[in-house]
Each structure stands twice: as C-alpha cells, then as structure tokens.
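K.L.:
For reference, this is entry37.txt, and it has compact mmCIF, C-alpha atoms.
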# COMPACT_ATOMS: atom_id res chain seq x y z
CA MET G 1 4.23 -17.33 -0.14
CA SER G 2 4.17 -18.72 3.34
CA ALA G 3 2.33 -17.09 6.19
CA VAL G 4 4.03 -16.07 9.42
CA ALA G 5 0.81 -15.55 11.32
CA THR G 6 -2.70 -16.80 10.68
CA LEU G 7 -6.17 -16.40 12.12
CA GLN G 8 -8.66 -19.12 11.33
CA ASN G 9 -12.31 -18.36 11.97
CA VAL G 10 -11.46 -16.29 15.02
CA THR G 11 -14.15 -14.72 17.17
CA MET G 12 -13.38 -12.48 20.10
CA ARG G 13 -16.17 -11.51 22.46
CA PHE G 14 -16.02 -9.09 25.34
CA ARG G 15 -18.96 -8.63 27.66
CA GLY G 16 -21.82 -8.22 25.24
CA HIS G 17 -19.58 -6.97 22.47
CA THR G 18 -18.11 -8.92 19.56
CA ALA G 19 -14.80 -7.34 18.56
CA LEU G 20 -13.89 -9.93 15.92
CA ASP G 21 -16.45 -12.16 14.25
CA GLY G 22 -15.25 -15.18 12.30
CA VAL G 23 -12.03 -13.58 11.08
CA THR G 24 -9.80 -15.59 8.78
CA THR G 25 -6.66 -14.04 7.39
CA ALA G 26 -2.93 -14.64 7.03
CA PHE G 27 0.09 -12.37 7.24
CA GLU G 28 2.62 -13.27 4.61
CA GLU G 29 6.28 -13.64 5.39
CA HIS G 30 8.45 -10.63 4.53
CA ALA G 31 5.53 -8.47 3.46
CA ILE G 32 4.41 -5.12 4.82
CA THR G 33 0.70 -5.46 5.46
CA GLY G 34 -1.58 -2.53 6.22
CA LEU G 35 -4.24 -3.34 8.79
CA LEU G 36 -6.93 -0.80 8.02
CA GLY G 37 -10.36 -0.01 9.36
CA ARG G 38 -12.32 2.52 11.31
CA ASN G 39 -12.16 3.01 15.05
CA GLY G 40 -13.61 -0.05 16.73
CA ALA G 41 -13.17 -2.23 13.66
CA GLY G 42 -11.13 -4.74 15.68
CA LYS G 43 -7.58 -3.87 14.60
CA THR G 44 -6.04 -3.66 18.05
CA THR G 45 -7.86 -6.79 19.22
CA LEU G 46 -6.46 -8.70 16.26
CA LEU G 47 -2.92 -7.57 17.09
CA GLN G 48 -3.41 -8.46 20.76
CA LEU G 49 -4.41 -11.99 19.75
CA LEU G 50 -1.31 -12.36 17.56
CA THR G 51 0.95 -11.28 20.38
CA GLY G 52 -0.69 -13.46 23.00
CA HIS G 53 -2.02 -10.52 24.98
CA ARG G 54 -5.46 -12.05 24.68
CA VAL G 55 -6.97 -15.43 23.96
CA ALA G 56 -9.63 -15.80 21.29
CA THR G 57 -13.11 -16.79 22.38
CA THR G 58 -13.19 -19.31 19.53
CA GLY G 59 -11.02 -20.04 16.54
CA ASP G 60 -7.36 -20.67 15.90
CA VAL G 61 -4.60 -18.06 16.18
CA ARG G 62 -1.08 -18.99 15.12
CA ALA G 63 2.22 -17.19 14.87
CA PHE G 64 5.26 -19.08 13.60
CA GLY G 65 3.10 -22.19 13.58
CA ALA G 66 2.10 -22.15 17.24
CA ALA G 67 -0.43 -20.53 19.54
CA PRO G 68 1.14 -17.32 20.85
CA TYR G 69 -0.53 -17.21 24.25
CA GLU G 70 2.03 -17.89 27.00
CA ASN G 71 4.44 -19.21 24.42
CA ALA G 72 7.80 -17.55 25.07
CA ASP G 73 9.35 -18.95 21.92
CA VAL G 74 6.69 -17.31 19.73
CA VAL G 75 6.37 -14.07 21.66
CA GLY G 76 10.15 -13.61 21.63
CA ARG G 77 10.03 -13.30 17.87
CA ILE G 78 7.34 -10.63 17.92
CA CYS G 79 7.71 -6.93 18.58
CA PHE G 80 4.46 -5.12 19.33
CA VAL G 81 4.59 -1.33 19.23
CA ARG G 82 1.45 -0.18 20.94
CA GLU G 83 -0.42 3.05 20.62
CA SER G 84 0.19 3.90 24.26
CA GLN G 85 3.01 1.78 25.53
CA ARG G 86 3.58 2.13 29.26
CA TYR G 87 7.05 2.18 30.74
CA PRO G 88 8.11 1.97 34.39
CA ASP G 89 7.80 5.42 35.99
CA HIS G 90 11.49 6.06 36.51
CA PHE G 91 12.53 4.92 32.99
CA ARG G 92 14.54 7.36 30.94
CA VAL G 93 14.73 7.01 27.17
CA ARG G 94 18.07 5.25 27.41
CA ASP G 95 16.73 2.81 30.02
CA ALA G 96 13.95 1.78 27.67
CA VAL G 97 16.46 1.31 24.86
CA ARG G 98 18.78 -0.75 27.07
CA ALA G 99 15.89 -2.92 28.22
CA ALA G 100 14.80 -3.52 24.63
CA ALA G 101 18.36 -4.45 23.67
CA THR G 102 18.28 -7.30 26.20
CA VAL G 103 14.84 -8.55 25.11
CA PHE G 104 15.30 -8.73 21.33
CA PRO G 105 18.03 -11.09 20.08
CA ASP G 106 18.38 -9.28 16.75
CA TRP G 107 18.51 -5.80 18.30
CA ASP G 108 20.69 -3.42 16.27
CA ALA G 109 22.27 -0.88 18.63
CA GLU G 110 23.77 1.16 15.82
CA LEU G 111 20.41 1.54 14.13
CA ALA G 112 18.82 2.44 17.47
CA ASP G 113 21.39 5.22 18.02
CA GLN G 114 20.82 6.49 14.52
CA LEU G 115 17.05 6.56 15.01
CA LEU G 116 17.31 8.23 18.41
CA ALA G 117 19.32 10.97 16.71
CA ASP G 118 16.89 11.18 13.76
CA PHE G 119 13.98 11.76 16.11
CA GLU G 120 16.08 14.06 18.32
CA LEU G 121 15.15 12.09 21.41
CA PRO G 122 16.72 13.24 24.69
CA LEU G 123 18.34 10.11 26.14
CA ARG G 124 18.37 11.28 29.75
CA ARG G 125 14.82 12.50 29.94
CA PRO G 126 12.28 10.37 31.81
CA ILE G 127 9.81 8.91 29.34
CA LYS G 128 6.82 10.14 31.27
CA LYS G 129 8.07 13.68 30.76
CA LEU G 130 8.22 13.29 26.99
CA SER G 131 5.65 14.83 24.69
CA ARG G 132 3.06 12.58 23.05
CA GLY G 133 4.98 12.65 19.77
CA MET G 134 8.33 11.85 21.40
CA THR G 135 6.77 8.92 23.25
CA SER G 136 5.53 7.62 19.91
CA ALA G 137 9.03 8.08 18.49
CA VAL G 138 10.48 5.90 21.28
CA GLY G 139 8.07 3.15 20.21
CA ILE G 140 9.12 3.52 16.60
CA VAL G 141 12.81 3.26 17.54
CA MET G 142 11.99 0.00 19.35
CA GLY G 143 9.93 -1.34 16.46
CA LEU G 144 12.64 -0.73 13.89
CA ALA G 145 15.79 -1.51 15.86
CA CYS G 146 14.39 -4.77 17.28
CA ARG G 147 14.48 -6.36 13.80
CA ALA G 148 11.94 -8.86 15.13
CA PRO G 149 10.81 -11.38 12.50
CA LEU G 150 7.23 -10.19 13.10
CA THR G 151 6.85 -6.51 13.95
CA LEU G 152 3.43 -5.05 14.66
CA PHE G 153 2.83 -1.30 14.77
CA ASP G 154 -0.51 -0.24 16.21
CA GLU G 155 -1.15 3.40 15.24
CA PRO G 156 2.48 4.19 16.03
CA TYR G 157 2.47 7.85 15.03
CA LEU G 158 0.18 9.59 17.58
CA GLY G 159 1.40 13.13 18.09
CA LEU G 160 4.17 12.80 15.52
CA ASP G 161 4.39 15.69 13.09
CA ALA G 162 4.50 15.18 9.34
CA VAL G 163 8.29 15.41 9.16
CA ALA G 164 8.79 12.78 11.86
CA ARG G 165 6.24 10.50 10.23
CA GLN G 166 8.13 10.73 6.97
CA VAL G 167 11.33 9.84 8.82
CA PHE G 168 9.53 6.78 10.18
CA TYR G 169 8.30 5.68 6.73
CA ASP G 170 11.69 6.24 5.10
CA ARG G 171 13.57 4.40 7.84
CA LEU G 172 11.09 1.56 7.78
CA LEU G 173 11.48 1.11 4.03
CA ALA G 174 15.26 1.39 4.10
CA ASP G 175 15.72 -1.09 6.92
CA TYR G 176 13.07 -3.45 5.62
CA ALA G 177 14.80 -3.51 2.23
CA GLU G 178 18.08 -4.57 3.86
CA HIS G 179 16.53 -6.86 6.46
CA PRO G 180 13.25 -8.21 5.13
CA ARG G 181 10.78 -9.10 7.84
CA THR G 182 7.07 -9.32 8.36
CA VAL G 183 5.53 -6.00 9.26
CA VAL G 184 1.92 -5.23 10.13
CA LEU G 185 1.02 -1.57 10.24
CA SER G 186 -2.33 -0.67 11.74
CA THR G 187 -3.25 2.84 10.74
CA HIS G 188 -5.83 5.47 9.89
CA LEU G 189 -3.45 7.46 7.72
CA ILE G 190 -4.04 5.36 4.65
CA GLU G 191 -3.02 8.02 2.15
CA GLU G 192 0.42 8.41 3.72
CA ILE G 193 1.33 4.76 3.86
CA SER G 194 -0.53 3.25 0.93
CA ASP G 195 2.59 3.12 -1.26
CA LEU G 196 4.55 1.29 1.43
CA LEU G 197 2.11 -1.60 1.58
CA GLU G 198 2.34 -4.87 -0.22
CA ARG G 199 -0.91 -6.21 1.20
CA VAL G 200 -4.04 -4.73 2.71
CA VAL G 201 -6.38 -6.23 5.28
CA LEU G 202 -9.47 -4.09 5.85
CA LEU G 203 -11.52 -4.76 8.96
CA ASP G 204 -15.03 -3.47 9.41
CA ARG G 205 -17.01 -4.10 12.57
CA GLY G 206 -15.07 -7.25 13.33
CA HIS G 207 -15.24 -8.68 9.81
CA VAL G 208 -12.60 -8.91 7.11
CA LEU G 209 -13.87 -6.73 4.29
CA LEU G 210 -10.78 -6.95 2.10
CA ASP G 211 -7.67 -9.11 2.10
CA GLU G 212 -5.77 -8.29 -1.03
CA ASP G 213 -2.55 -7.37 -2.76
CA ALA G 214 -2.31 -3.56 -2.45
CA ASP G 215 -1.36 -2.95 -6.05
CA ARG G 216 -4.08 -5.21 -7.39
CA LEU G 217 -6.54 -3.40 -5.18
CA ARG G 218 -5.48 -0.09 -6.64
CA ASP G 219 -6.17 -1.51 -10.07
CA SER G 220 -9.52 -2.98 -9.06
CA ALA G 221 -11.28 0.30 -8.34
CA LEU G 222 -12.45 2.69 -10.99
CA THR G 223 -13.93 6.15 -10.50
CA VAL G 224 -15.97 7.46 -13.41
CA VAL G 225 -17.45 10.93 -13.77
CA GLY G 226 -19.92 12.15 -16.36
CA PRO G 227 -23.57 12.84 -17.14
CA THR G 228 -25.77 10.99 -14.63
CA GLU G 229 -27.49 8.98 -17.36
CA ALA G 230 -24.20 7.83 -18.87
CA VAL G 231 -22.80 6.94 -15.45
CA ARG G 232 -25.94 4.99 -14.63
CA ALA G 233 -25.76 3.09 -17.89
CA PHE G 234 -22.09 2.26 -17.40
CA THR G 235 -22.49 1.10 -13.81
CA ARG G 236 -25.67 -0.91 -14.37
CA SER G 237 -23.88 -4.25 -14.49
CA ALA G 238 -21.07 -3.26 -12.12
CA GLN G 239 -20.69 -3.43 -8.39
CA VAL G 240 -21.06 0.17 -7.30
CA LEU G 241 -19.28 1.12 -4.10
CA HIS G 242 -20.20 4.76 -3.96
CA THR G 243 -22.01 7.42 -5.97
CA ASP G 244 -22.35 11.21 -5.77
CA SER G 245 -24.46 13.44 -7.98
CA LEU G 246 -24.38 17.13 -8.65
CA ALA G 247 -26.37 19.09 -11.19
CA GLY G 248 -26.88 16.36 -13.74
CA SER G 249 -23.48 14.77 -13.42
CA SER G 250 -22.48 11.85 -11.24
CA ARG G 251 -19.41 10.19 -9.91
CA ALA G 252 -19.30 6.47 -9.20
CA ILE G 253 -16.63 4.27 -7.67
CA ILE G 254 -16.99 0.74 -8.94
CA HIS G 255 -15.23 -2.53 -8.39
CA SER G 256 -13.64 -3.08 -11.78
CA ARG G 257 -13.76 -6.63 -13.06
CA ARG G 258 -12.57 -6.44 -16.62
CA PRO G 259 -9.30 -4.99 -17.90
CA ASP G 260 -11.16 -3.03 -20.61
CA ASP G 261 -13.43 -1.22 -18.11
CA ARG G 262 -11.40 1.97 -18.49
CA ALA G 263 -11.62 1.89 -22.25
CA VAL G 264 -15.36 1.17 -22.13
CA ALA G 265 -15.89 4.09 -19.75
CA ALA G 266 -13.87 6.43 -21.96
CA ALA G 267 -15.77 5.30 -25.05
CA ALA G 268 -19.04 6.07 -23.23
CA GLY G 269 -17.85 9.64 -22.80
CA LEU G 270 -17.03 9.26 -19.11
CA THR G 271 -13.96 10.68 -17.44
CA VAL G 272 -11.93 8.14 -15.49
CA GLU G 273 -10.60 9.71 -12.30
CA PRO G 274 -7.80 8.47 -10.06
CA THR G 275 -8.96 6.27 -7.20
CA SER G 276 -6.69 6.24 -4.20
CA LEU G 277 -6.53 3.37 -1.77
CA GLN G 278 -7.98 5.73 0.81
CA GLN G 279 -11.02 6.55 -1.32
CA LEU G 280 -11.57 2.88 -2.01
CA VAL G 281 -11.34 1.95 1.65
CA VAL G 282 -13.68 4.75 2.71
CA ALA G 283 -16.17 3.81 0.00
CA MET G 284 -16.10 0.17 1.00
CA SER G 285 -16.38 0.81 4.73
CA ARG G 286 -19.38 3.02 4.09
CA HIS G 287 -20.85 0.56 1.65
CA SER G 288 -20.71 -2.41 3.98
CA GLN G 289 -23.79 -3.44 5.86
CA PRO G 290 -23.77 -4.95 9.33
CA SER G 291 -24.93 -8.21 7.76
CA CYS G 292 -21.78 -8.12 5.63
CA ALA G 293 -23.52 -9.63 2.64
CA PRO G 294 -21.26 -7.97 0.05
CA VAL G 295 -18.10 -9.61 1.33
CA ALA G 296 -18.53 -12.85 -0.57
CA ALA G 297 -19.37 -11.00 -3.76
CA LEU G 298 -16.28 -8.85 -3.43
CA GLU G 299 -13.96 -11.73 -2.84
CA GLU G 300 -15.38 -13.41 -5.88
CA ALA G 301 -14.77 -10.31 -7.93
CA SER G 302 -11.20 -9.78 -6.86
CA MET W 1 3.51 7.71 -6.65
CA ASN W 2 0.89 9.02 -8.98
CA GLU W 3 -2.53 7.75 -7.95
CA ASP W 4 -4.09 8.02 -11.39
CA GLY W 5 -1.56 5.83 -13.13
CA GLY W 6 -2.95 2.47 -12.07
CA PRO W 7 -0.86 -0.07 -10.19
CA ILE W 8 2.45 1.26 -8.91
CA PHE W 9 4.48 -1.56 -10.42
CA ARG W 10 3.23 -0.57 -13.85
CA GLN W 11 4.12 3.08 -13.22
CA ILE W 12 7.63 1.98 -12.25
CA ALA W 13 7.94 -0.05 -15.44
CA THR W 14 6.62 2.86 -17.53
CA GLN W 15 9.04 5.35 -16.00
CA LEU W 16 12.00 3.09 -16.73
CA GLU W 17 10.71 2.59 -20.26
CA ASP W 18 10.51 6.39 -20.63
CA ALA W 19 14.14 6.67 -19.58
CA ILE W 20 15.15 3.98 -22.07
CA VAL W 21 13.15 5.56 -24.91
CA ASP W 22 14.60 9.05 -24.35
CA GLY W 23 18.09 7.64 -24.01
CA SER W 24 18.78 8.68 -20.41
CA LEU W 25 19.06 4.98 -19.54
CA PRO W 26 21.20 3.66 -22.42
CA GLU W 27 21.30 0.06 -23.60
CA GLU W 28 23.68 -2.17 -21.62
CA SER W 29 23.67 0.30 -18.72
CA GLN W 30 22.62 -0.86 -15.28
CA ALA W 31 19.04 -0.23 -14.23
CA PRO W 32 18.31 0.94 -10.66
CA SER W 33 17.80 -1.86 -8.13
CA SER W 34 14.44 -2.52 -6.52
CA ASN W 35 15.74 -1.09 -3.24
CA GLU W 36 16.94 2.08 -4.95
CA LEU W 37 13.58 2.47 -6.67
CA ALA W 38 11.76 1.80 -3.39
CA ALA W 39 13.76 4.42 -1.50
CA PHE W 40 13.47 7.01 -4.26
CA HIS W 41 9.75 6.62 -4.88
CA ARG W 42 8.95 5.70 -1.26
CA ILE W 43 7.23 2.51 -2.24
CA ASN W 44 7.34 -1.09 -1.14
CA PRO W 45 10.48 -2.87 -2.48
CA ALA W 46 8.37 -5.86 -3.57
CA THR W 47 6.29 -3.54 -5.73
CA ALA W 48 9.43 -2.07 -7.27
CA ALA W 49 10.75 -5.57 -7.91
CA LYS W 50 7.51 -6.44 -9.65
CA GLY W 51 7.96 -3.48 -12.00
CA LEU W 52 11.49 -4.64 -12.81
CA SER W 53 10.45 -8.23 -13.39
CA GLN W 54 7.78 -7.11 -15.82
CA LEU W 55 10.51 -5.44 -17.86
CA VAL W 56 12.58 -8.63 -17.66
CA ALA W 57 9.59 -10.63 -18.89
CA ASP W 58 9.20 -8.15 -21.78
CA GLY W 59 12.86 -8.59 -22.71
CA VAL W 60 13.63 -4.93 -21.99
CA LEU W 61 15.91 -5.71 -19.05
CA TYR W 62 18.00 -8.76 -18.36
CA LYS W 63 19.59 -10.07 -15.18
CA ARG W 64 23.28 -10.48 -14.59
CA ARG W 65 23.59 -12.84 -11.73
CA GLY W 66 24.88 -11.17 -8.60
CA VAL W 67 25.28 -7.82 -10.33
CA GLY W 68 21.82 -6.52 -11.15
CA MET W 69 19.55 -5.64 -14.04
CA PHE W 70 20.75 -4.21 -17.34
CA VAL W 71 19.05 -2.68 -20.34
CA ALA W 72 18.99 -5.18 -23.20
CA THR W 73 20.47 -4.34 -26.56
CA GLY W 74 17.61 -3.47 -28.89
CA ALA W 75 15.34 -2.49 -25.99
CA ARG W 76 15.00 1.09 -27.17
CA ASP W 77 13.88 0.07 -30.65
CA GLN W 78 11.53 -2.51 -29.23
CA LEU W 79 9.89 0.07 -26.94
CA ARG W 80 9.67 2.70 -29.65
CA LYS W 81 8.02 0.19 -31.94
CA ARG W 82 5.45 -0.75 -29.30
CA ARG W 83 4.72 2.82 -28.36
CA ARG W 84 4.30 3.82 -31.99
CA SER W 85 1.67 1.13 -32.38
CA GLU W 86 -0.14 2.48 -29.30
CA PHE W 87 0.20 6.12 -30.31
CA ALA W 88 -3.05 6.37 -32.27
CA ASP W 89 -5.16 4.88 -29.47
CA GLN W 90 -3.45 6.79 -26.69
CA TYR W 91 -3.22 10.24 -28.23
CA VAL W 92 -5.20 10.54 -31.44
CA VAL W 93 -8.46 8.96 -30.25
CA PRO W 94 -8.82 11.22 -27.17
CA LEU W 95 -7.84 14.21 -29.32
CA LEU W 96 -10.62 13.48 -31.80
CA ALA W 97 -13.11 12.77 -28.99
CA GLU W 98 -12.50 16.20 -27.45
CA ALA W 99 -12.56 17.82 -30.88
CA GLY W 100 -15.93 16.17 -31.49
CA ARG W 101 -17.31 17.51 -28.21
CA LEU W 102 -16.25 21.02 -29.20
CA GLY W 103 -17.56 20.73 -32.75
CA ILE W 104 -14.10 20.91 -34.32
CA SER W 105 -14.00 19.01 -37.58
CA VAL W 106 -11.31 16.52 -38.53
CA ALA W 107 -10.21 18.88 -41.28
CA GLU W 108 -9.77 21.68 -38.75
CA VAL W 109 -7.77 19.36 -36.49
CA ARG W 110 -5.58 18.48 -39.44
CA THR W 111 -4.93 22.18 -40.11
CA MET W 112 -4.06 22.77 -36.44
CA LEU W 113 -1.65 19.84 -36.47
CA ALA W 114 0.07 21.16 -39.57
CA GLU W 115 0.38 24.65 -38.08
CA LYS W 116 1.68 23.51 -34.69
CA GLY W 117 3.94 20.98 -36.34
CA GLU W 118 5.59 23.71 -38.42
CA ARG W 119 6.31 25.82 -35.38
CA GLN W 120 8.13 23.02 -33.59
Translate the structure described by the file into structure tokens.

P.N.:
Amino acid sequence: MSAVATLQNVTMRFRGHTALDGVTTAFEEHAITGLLGRNGAGKTTLLQLLTGHRVATTGDVRAFGAAPYENADVVGRICFVRESQRYPDHFRVRDAVRAAATVFPDWDAELADQLLADFELPLRRPIKKLSRGMTSAVGIVMGLACRAPLTLFDEPYLGLDAVARQVFYDRLLADYAEHPRTVVLSTHLIEEISDLLERVVLLDRGHVLLDEDADRLRDSALTVVGPTEAVRAFTRSAQVLHTDSLAGSSRAIIHSRRPDDRAVAAAAGLTVEPTSLQQLVVAMSRHSQPSCAPVAALEEAS
Amino acid sequence: MNEDGGPIFRQIATQLEDAIVDGSLPEESQAPSSNELAAFHRINPATAAKGLSQLVADGVLYKRRGVGMFVATGARDQLRKRRRSEFADQYVVPLLAEAGRLGISVAEVRTMLAEKGERQ
C-alpha cells in the first residue's frame, strides 16, 4: 500500500515542551486510520503538521509527496475538521456550506444537503448561536461532503449525542465505501469507532506507541483470568501489559505472540476473556514509561 | 462486532460459513458484498473484504468478474466436513474440562448426553 502522508523522525517543540518526539509514521491511501492517545499525547499537533498549520522543529512531513506548509496544491487536497473550528461572526450554516463548496473541488452538494437534514441543522441560524453539538455537526457535514482525498477529523463529535454520533459513523462508512479516501480520525471514544478502523496509530507523550493493522492488533492481545499462581506461570515468558488481582485470582492482559496462546491458556485452566481495542490501548498507555523503552520490544513482537 | 471473537474479518468469515452450513445462504447464491457487510455490521469495508477473500482462498466462495461473490458448489459439504473434524476440540474438550472441575465422571457425562439426546 502506498502512503498519502508521512512523518519521518518528526520532532515538534514549543517553548520548553516537546509535543512530538521523533515520530515516524505513515497514513495509508484509502484507509481509515484511528489516531489515538490521551490528552496531550500530540494528536492535534500531528494533524496540524500534516495540514501545514505548523512547521516541524525537525524532521520531514509530507502529504501527497510534498511538504504541506504554504503549499496550496497539497493543502487543497486536505480537509481538516477541527475540534473547535471558528467561522466568521456573521456566518449562518448555509454560508459555511456555500464557502466550503467553493473551496473543495470534489464537494458533493447533494450529500451536504442530505447530511444537513440528517443532523437537523437550521440553515439560517448563525453558527455562533448553534449549540456545541450542532457546531460539531457542521464540521462533520464539511468533512464528509468535501470528499477530500485526505480528510482529518480531530475529535469531531464534541457535544454530539449518541444518536448523532452513530449517524456520523454510518454516513462516514457509507460514503467511504462508495468514494474511498484517506481518513484520519483522532478520538478518545475508542470503543465506538474501533470497528470502523483499518489502522491504529497510538501516540503517548509525543511518541508512537503502536502503528498497526487494527484487526491484527485485536488478535495480538489476550486477557487471561484464573488463579493467581496459574496466571503468573502462564505470563512468565510473555509481555504483560496489565495485571489485576482479587482474592487469589488474577487477570492479565498480555501481548500474544503465538497463535496457540489461547489454547495454552485454556489448557492451563485459565479463562480467556475478550480484549477490546480500548482495553488494549488503555493498558498500553498506562504501561508505557516516559523513557519509552518498551516500544522497540512491542514492534518486534507485532 | 463481538469483541471476544478475535479479529473481525474472521468473525465475518465465520458468520458467512454459518449461513452456508445451515442452508440460509445456498450454494451458487450470491454472497453479500463487502460494502453491504460493512454497512450492516458497521465495520470497515476493507475488513469485510478481508473476510470475503479468506473464504475465496478456502474455496468456499468464488468471484464472478463484475458481478460479485458466489457460494461454490460443494462448499456446504466442505464446511461441514471441516467443522466435524473440529467438533471434538471445540465442544467436547471444554465440556470434559468443566466436568472434571465439578467432579463429574466421564460415565456420568455419557449418561447425560444420552438422556438429553433422547429428548431432542
């Protein structure tokens, strides 16, 4: 697969603070990638570099083969839906939609109308009078109807209720299936979107902790529950991401390396529990040390 | 999708196999497309496509160019054969393991099976 956007050894420093530290990753063409990580992990900074909103302190950032900063040709192919997009004060919903239609060459007006109706957005209302959730919905309409070859959503759902979020996910999938494009979705709501993702990039304190096929990742974690002694014996040679104990029994999340790990665990009298992407990500983020020593070991294992 | 069933593409493949084995997806009928599967299960279309291509690789589905995927003739027998060979490991071994934990002897299990089997 070819990459639409790449970061090569990218470091981004703000006054006394390193937001990204030697980040190398690539966003594959026509894939939906989840950009995951805790607050302050560097997700928004990474997206700002891709869209040319910032310039990296060191390292190489490329989108469509070129540096995005002040490059109209590159930026014109990117749609960036920000967490708190600002619009001119007097803009009504329909003004924002009209403006977007002139900016994005692949804009689909029919889809935009459909989405505006789905989210029940009042066309004549000034955007600054919209609720938080409705403002987010305007961003989502832009992000989907623009059909930009590279579309970046940065926490696009603030204030959106569960029904509206499901509308977003369903519309994204449906339109993406018909018009494949590269989508990066930065989010905290891992559980909700994990099935939509083809790839996962997990940032932790400015480092890439995981960069992996989502389905393979799901298969690479194993949660075992059983008597503490048996769990300890089973996990002795494994990379343990997380353990809990209660009254003589333990639960461990491990990075599974061998296809027969499940069978071995079952034979040892352990119960194998489901491990969601969310649990894995939480376990890994907690597990990681500031020195980031485990990263190399993990990449080797995956 | 179900989080405890391993990778999603494998769950997709298994569900289609279920439908073929129980006859709801007959041989030579058209299988759902990856986009249909993606919309129905709310999963990534590439993941759905991976599930379909595993079934193609197994000879369960075949492609008709420009039309879609179809269930191969003989697929049902093939799947039943494979699942029969896995039956002991998948169902009997865990059954005996739990029986062992509870102190139920193999003879007792055999009696239970005979009794329940008669009632069905």

K.L.:
Can you work out which residues from chain W touch chain G at a cut-off of 10 Å (counting only C-alpha atoms) and hand them back as a ChimeraX atom specification?

P.N.:
/W:1-10,34-36,38-47,93-94,97-98,101

K.L.:
Just how far from CA of Ile253 in chain G is CA of Leu270 in chain G, in Å to one decimal?

P.N.:
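So the two atoms, CA of Leu270 in chain G and CA of Ile253 in chain G, lie 12.5 Å apart.
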
K.L.:
Given only C-alpha atoms as the basis, pick out the residue of W:Phe70, W:Tyr62, W:Glu17, W:Ser53 nearest to Ser29 in chain W.

P.N.:
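Using only C-alpha atoms, Ser29 in chain W sits closest to W:Phe70.
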
K.L.:
At what distance in Å, to one decimal, does CA of His90 in chain G lie from CA of Met134 in chain G?

P.N.:
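Taking CA of Met134 in chain G as the start and CA of His90 in chain G as the end point, the length is 16.5 Å.
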
K.L.:
Hey, can you check how far CA of Gln85 in chain G sits from CA of Val138 in chain G?

P.N.:
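Result for CA of Gln85 in chain G versus CA of Val138 in chain G: 9.5 Å, one decimal.
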
K.L.:
Taking all atoms of range 65-71 of chain W that the file lists and extending 6 Å past them on each side, where is the centre of the axis-aligned box and how long are its edges? Answer in Å to one decimal, as lines of an AutoDock Vina configuration file.

P.N.:
center_x = 22.2
center_y = -7.8
center_z = -14.5
size_x = 18.2
size_y = 22.2
size_z = 23.7

K.L.:
So, counting all atoms listed in the file, which residue among G:Ala56, G:Ala252, G:Ala101, G:Leu185 is closest to Asp21 in chain G?

P.N.:
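Checking each candidate against Asp21 in chain G, we get G:Ala56 as the closest.
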
K.L.:
Within 7 Å of Cys79 in chain G, counting only C-alpha atoms, which residues show up once you throw out same-chain ones fewer than 2 positions away? Write them as number ranges by chain, please.

P.N.:
G: 77, 81, 143, 148, 150-152

K.L.:
Using only C-alpha atoms, which protein or nucleic acid residues come within 12 Å of Thr44 in chain G? Drop anything in the same chain fewer than 6 positions from it, and give the result as a list in words.

P.N.:
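Those residues are Met12, Ala19, Leu20, Leu35, Leu36, Gly37, Arg38, Leu50, Thr51, His53, Arg54, Phe80, Val81, Arg82, Glu83, Ser84, Leu152, Phe153, Asp154, Glu155, Pro156, Val184, Leu185, Ser186, Thr187, Leu203 and Gly206 of chain G.
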
K.L.:
If we count all atoms listed in the file, what is near range 60-75 of chain G at a cut-off of 6 Å, once residues fewer than 4 positions away on the same chain are taken out, given as a ChimeraX atom specification?

P.N.:
/G:4-8,52

K.L.:
Need to verify the contact set: Leu61 in chain W, 9 Å, all atoms listed in the file, exclusion of same-chain residues closer than 3 positions in sequence. Can you return it as number ranges by chain?

P.N.:
W: 28, 31, 52-58, 69-73, 75
